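Trainee: Below is one structure. I have some questions about it.
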Amino acid sequence: MGREGSVAAVPPRERVFLTTAVPFGDALGPIADDAPGTHDSVPVTQQERFLALALDRRDGKLLWQTTLREELPHEGGHKTGSYASASPTTDGEVLIAPFGSRGLYALDLAGKVLWKQDLGRMATKHAHGEGSSPLLVGEFVVVVWDHEGDSFVAAF
């Protein structure tokens with residue numbers, strides 16, 4: 001976990017929270033998706049590092065970044081998508097970072113992981129990627145797990 005700026009000096013309302021997936025390691029031969037109807041897909045070519053990060057809204061400086069998982073994705077995605085398509089959400093006290101097949105994470109606003117939940121492996125239509133964003137309802141995080149397998153809605 002990188003601590004780049006002074007987190008305590010930046011109030012939560014002045015922070016921007018993001019998620020991203022960054023390729024790392026040696027490039028592999030392209031691994032094409034075999035989902036029925038696949039088109040306009042980008043094959044898997046590298047491992048990915050799944051990160052949550054916070055920026056100071058006032059000047060764009062990186063306050064912290066936390067690596068949540070590293071893995072070789074099981075499917076690619078659409079050429080216009082990302083492995084971090086789902087949006088993070090916060091109630092001003094906890095940050096919820098969704099990464100589909102790579103898990104759902106709750107972090108404090110300084111970037112420390114509070115809990116994580118593995119929801120299984122998604123199989124998306126045409127291998128177009130995973131992107132359902134969570135919803136905060138009171139003290140619950142609600143997730144819609146909609147894919148080509150058994151779909152469900154869960155609250156944590």
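Going by the structure tokens order, chains are called A, B, ..., each with residues numbered from 1, while ligands are numbered from 1 in the order shown.
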Which residues, written as an NGL selection string, have at least one atom at most 7 Å from region 73-88 of chain A, with only C-alpha atoms counted and residues fewer than 5 positions away on the same chain left out?

Mentor: :A and (18-21 or 33 or 40-44 or 47 or 95-99 or 127-133)

Trainee: Using N, CA, C and O atoms, can you export the residues from the last selection as a PDB file, in the first residue's frame?

Mentor:
ATOM      1  N   LEU A  18     -10.952   6.177  -6.876  1.00  0.00           N
ATOM      2  CA  LEU A  18     -10.959   5.504  -8.175  1.00  0.00           C
ATOM      3  C   LEU A  18     -10.546   4.052  -8.018  1.00  0.00           C
ATOM      4  O   LEU A  18      -9.879   3.684  -7.049  1.00  0.00           O
ATOM      5  N   THR A  19     -10.915   3.257  -9.000  1.00  0.00           N
ATOM      6  CA  THR A  19     -10.395   1.895  -9.113  1.00  0.00           C
ATOM      7  C   THR A  19      -9.778   1.760 -10.494  1.00  0.00           C
ATOM      8  O   THR A  19     -10.173   2.454 -11.447  1.00  0.00           O
ATOM      9  N   THR A  20      -8.806   0.872 -10.606  1.00  0.00           N
ATOM     10  CA  THR A  20      -8.157   0.643 -11.894  1.00  0.00           C
ATOM     11  C   THR A  20      -7.557  -0.754 -11.913  1.00  0.00           C
ATOM     12  O   THR A  20      -7.385  -1.378 -10.865  1.00  0.00           O
ATOM     13  N   ALA A  21      -7.265  -1.208 -13.108  1.00  0.00           N
ATOM     14  CA  ALA A  21      -6.539  -2.459 -13.303  1.00  0.00           C
ATOM     15  C   ALA A  21      -5.331  -2.125 -14.166  1.00  0.00           C
ATOM     16  O   ALA A  21      -5.470  -1.508 -15.228  1.00  0.00           O
ATOM     17  N   ASP A  33     -11.054 -15.216 -25.935  1.00  0.00           N
ATOM     18  CA  ASP A  33     -12.258 -15.665 -25.246  1.00  0.00           C
ATOM     19  C   ASP A  33     -13.001 -16.666 -26.116  1.00  0.00           C
ATOM     20  O   ASP A  33     -13.022 -16.540 -27.345  1.00  0.00           O
ATOM     21  N   ASP A  40     -15.494  -8.027 -30.948  1.00  0.00           N
ATOM     22  CA  ASP A  40     -14.852  -6.782 -30.508  1.00  0.00           C
ATOM     23  C   ASP A  40     -14.179  -6.930 -29.144  1.00  0.00           C
ATOM     24  O   ASP A  40     -14.147  -5.999 -28.343  1.00  0.00           O
ATOM     25  N   SER A  41     -13.635  -8.116 -28.889  1.00  0.00           N
ATOM     26  CA  SER A  41     -13.001  -8.377 -27.598  1.00  0.00           C
ATOM     27  C   SER A  41     -11.500  -8.135 -27.658  1.00  0.00           C
ATOM     28  O   SER A  41     -10.877  -8.235 -28.711  1.00  0.00           O
ATOM     29  N   VAL A  42     -10.961  -7.847 -26.506  1.00  0.00           N
ATOM     30  CA  VAL A  42      -9.519  -7.723 -26.334  1.00  0.00           C
ATOM     31  C   VAL A  42      -9.074  -8.979 -25.591  1.00  0.00           C
ATOM     32  O   VAL A  42      -9.585  -9.270 -24.508  1.00  0.00           O
ATOM     33  N   PRO A  43      -8.142  -9.738 -26.150  1.00  0.00           N
ATOM     34  CA  PRO A  43      -7.713 -10.963 -25.470  1.00  0.00           C
ATOM     35  C   PRO A  43      -6.889 -10.660 -24.221  1.00  0.00           C
ATOM     36  O   PRO A  43      -6.326  -9.576 -24.079  1.00  0.00           O
ATOM     37  N   VAL A  44      -6.831 -11.624 -23.325  1.00  0.00           N
ATOM     38  CA  VAL A  44      -5.981 -11.522 -22.139  1.00  0.00           C
ATOM     39  C   VAL A  44      -4.533 -11.665 -22.608  1.00  0.00           C
ATOM     40  O   VAL A  44      -4.198 -12.590 -23.346  1.00  0.00           O
ATOM     41  N   GLN A  47      -0.976 -10.400 -16.723  1.00  0.00           N
ATOM     42  CA  GLN A  47      -1.592 -10.355 -15.405  1.00  0.00           C
ATOM     43  C   GLN A  47      -2.027  -8.913 -15.147  1.00  0.00           C
ATOM     44  O   GLN A  47      -1.514  -7.980 -15.744  1.00  0.00           O
ATOM     45  N   LEU A  95     -15.138   3.058   1.843  1.00  0.00           N
ATOM     46  CA  LEU A  95     -15.088   2.980   0.388  1.00  0.00           C
ATOM     47  C   LEU A  95     -15.361   1.538  -0.015  1.00  0.00           C
ATOM     48  O   LEU A  95     -14.731   0.622   0.509  1.00  0.00           O
ATOM     49  N   ILE A  96     -16.291   1.338  -0.942  1.00  0.00           N
ATOM     50  CA  ILE A  96     -16.601   0.006  -1.465  1.00  0.00           C
ATOM     51  C   ILE A  96     -16.049  -0.056  -2.881  1.00  0.00           C
ATOM     52  O   ILE A  96     -16.423   0.747  -3.742  1.00  0.00           O
ATOM     53  N   ALA A  97     -15.151  -1.009  -3.107  1.00  0.00           N
ATOM     54  CA  ALA A  97     -14.486  -1.162  -4.407  1.00  0.00           C
ATOM     55  C   ALA A  97     -14.861  -2.516  -5.008  1.00  0.00           C
ATOM     56  O   ALA A  97     -14.456  -3.550  -4.490  1.00  0.00           O
ATOM     57  N   PRO A  98     -15.624  -2.508  -6.106  1.00  0.00           N
ATOM     58  CA  PRO A  98     -16.048  -3.756  -6.738  1.00  0.00           C
ATOM     59  C   PRO A  98     -15.136  -4.147  -7.900  1.00  0.00           C
ATOM     60  O   PRO A  98     -14.759  -3.314  -8.710  1.00  0.00           O
ATOM     61  N   PHE A  99     -14.782  -5.414  -7.962  1.00  0.00           N
ATOM     62  CA  PHE A  99     -13.977  -5.910  -9.075  1.00  0.00           C
ATOM     63  C   PHE A  99     -14.529  -7.210  -9.643  1.00  0.00           C
ATOM     64  O   PHE A  99     -13.781  -8.045 -10.138  1.00  0.00           O
ATOM     65  N   ALA A 127     -18.421 -12.286 -23.519  1.00  0.00           N
ATOM     66  CA  ALA A 127     -17.159 -11.919 -22.851  1.00  0.00           C
ATOM     67  C   ALA A 127     -16.941 -10.412 -22.904  1.00  0.00           C
ATOM     68  O   ALA A 127     -15.839  -9.936 -23.114  1.00  0.00           O
ATOM     69  N   HIS A 128     -18.017  -9.643 -22.680  1.00  0.00           N
ATOM     70  CA  HIS A 128     -17.916  -8.188 -22.771  1.00  0.00           C
ATOM     71  C   HIS A 128     -17.533  -7.517 -21.465  1.00  0.00           C
ATOM     72  O   HIS A 128     -17.489  -6.304 -21.384  1.00  0.00           O
ATOM     73  N   GLY A 129     -17.267  -8.267 -20.419  1.00  0.00           N
ATOM     74  CA  GLY A 129     -16.749  -7.678 -19.205  1.00  0.00           C
ATOM     75  C   GLY A 129     -17.745  -7.573 -18.069  1.00  0.00           C
ATOM     76  O   GLY A 129     -18.947  -7.733 -18.255  1.00  0.00           O
ATOM     77  N   GLU A 130     -17.197  -7.311 -16.898  1.00  0.00           N
ATOM     78  CA  GLU A 130     -17.963  -7.240 -15.651  1.00  0.00           C
ATOM     79  C   GLU A 130     -18.031  -5.787 -15.206  1.00  0.00           C
ATOM     80  O   GLU A 130     -17.016  -5.121 -15.124  1.00  0.00           O
ATOM     81  N   GLY A 131     -19.227  -5.303 -14.875  1.00  0.00           N
ATOM     82  CA  GLY A 131     -19.285  -3.891 -14.534  1.00  0.00           C
ATOM     83  C   GLY A 131     -20.437  -3.469 -13.661  1.00  0.00           C
ATOM     84  O   GLY A 131     -20.847  -2.327 -13.731  1.00  0.00           O
ATOM     85  N   SER A 132     -20.990  -4.333 -12.827  1.00  0.00           N
ATOM     86  CA  SER A 132     -22.089  -3.946 -11.949  1.00  0.00           C
ATOM     87  C   SER A 132     -21.559  -3.196 -10.733  1.00  0.00           C
ATOM     88  O   SER A 132     -20.725  -3.711  -9.997  1.00  0.00           O
ATOM     89  N   SER A 133     -22.038  -1.977 -10.535  1.00  0.00           N
ATOM     90  CA  SER A 133     -21.589  -1.157  -9.413  1.00  0.00           C
ATOM     91  C   SER A 133     -22.453  -1.418  -8.182  1.00  0.00           C
ATOM     92  O   SER A 133     -23.657  -1.617  -8.294  1.00  0.00           O
TER      93      SER A 133
END

Trainee: Please, which residues of chain A, numbered as in this document, come out strand (DSSP E) from DSSP, as a count of residues only?

Mentor: 66

Trainee: Return the single residue from A:Glu148, A:Trp64, A:Ser101, A:Pro23 that is closest to His126 (chain A), with distances computed using only C-alpha atoms.

Mentor: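 Closest to His126 (chain A) of all the choices is A:Glu148.
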
Trainee: What gap, in Å, lies between CA of Asp146 (chain A) and CA of Val16 (chain A)?

Mentor: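 Straight-line distance from CA of Asp146 (chain A) to CA of Val16 (chain A) works out to 27.5 Å.
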
Trainee: Using backbone DSSP assignments, extract all helix (DSSP H, G or I) residues from region 34-152 of chain A; output them as a PyMOL selection string.

Mentor: chain A and resi 100-102+125-127

Trainee: For a quick check of understanding, using only C-alpha atoms, which of A:Pro11, A:Leu119, A:Thr90, A:Ser151 has the smallest distance to Leu104 (chain A)?

Mentor: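 Closest to Leu104 (chain A), using only C-alpha atoms: A:Leu119.
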
Trainee: In Å, rounded to a single decimal, give me how far CA of Gly100 (chain A) is from CA of Thr38 (chain A).

Mentor: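 Going from CA of Thr38 (chain A) over to CA of Gly100 (chain A), I get 19.1 Å.
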
Trainee: Within 12 Å of Ala155 (chain A), counting only C-alpha atoms, which residues show up once you throw out same-chain ones fewer than 3 positions away? Write them as a PyMOL selection string, please.

Mentor: chain A and resi 104+117+119+134-145+152

Trainee: For a quick check of understanding, using only C-alpha atoms, which of A:Arg102, A:Ala154, A:Glu93, A:Leu72 has the smallest distance to Ile31 (chain A)?

Mentor: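 Between A:Arg102, A:Ala154, A:Glu93, A:Leu72, the residue approaching Ile31 (chain A) most closely is A:Leu72.
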
Trainee: Distance CA of Pro12 (chain A)-CA of Trp115 (chain A), one decimal place?

Mentor: 19.8 Å
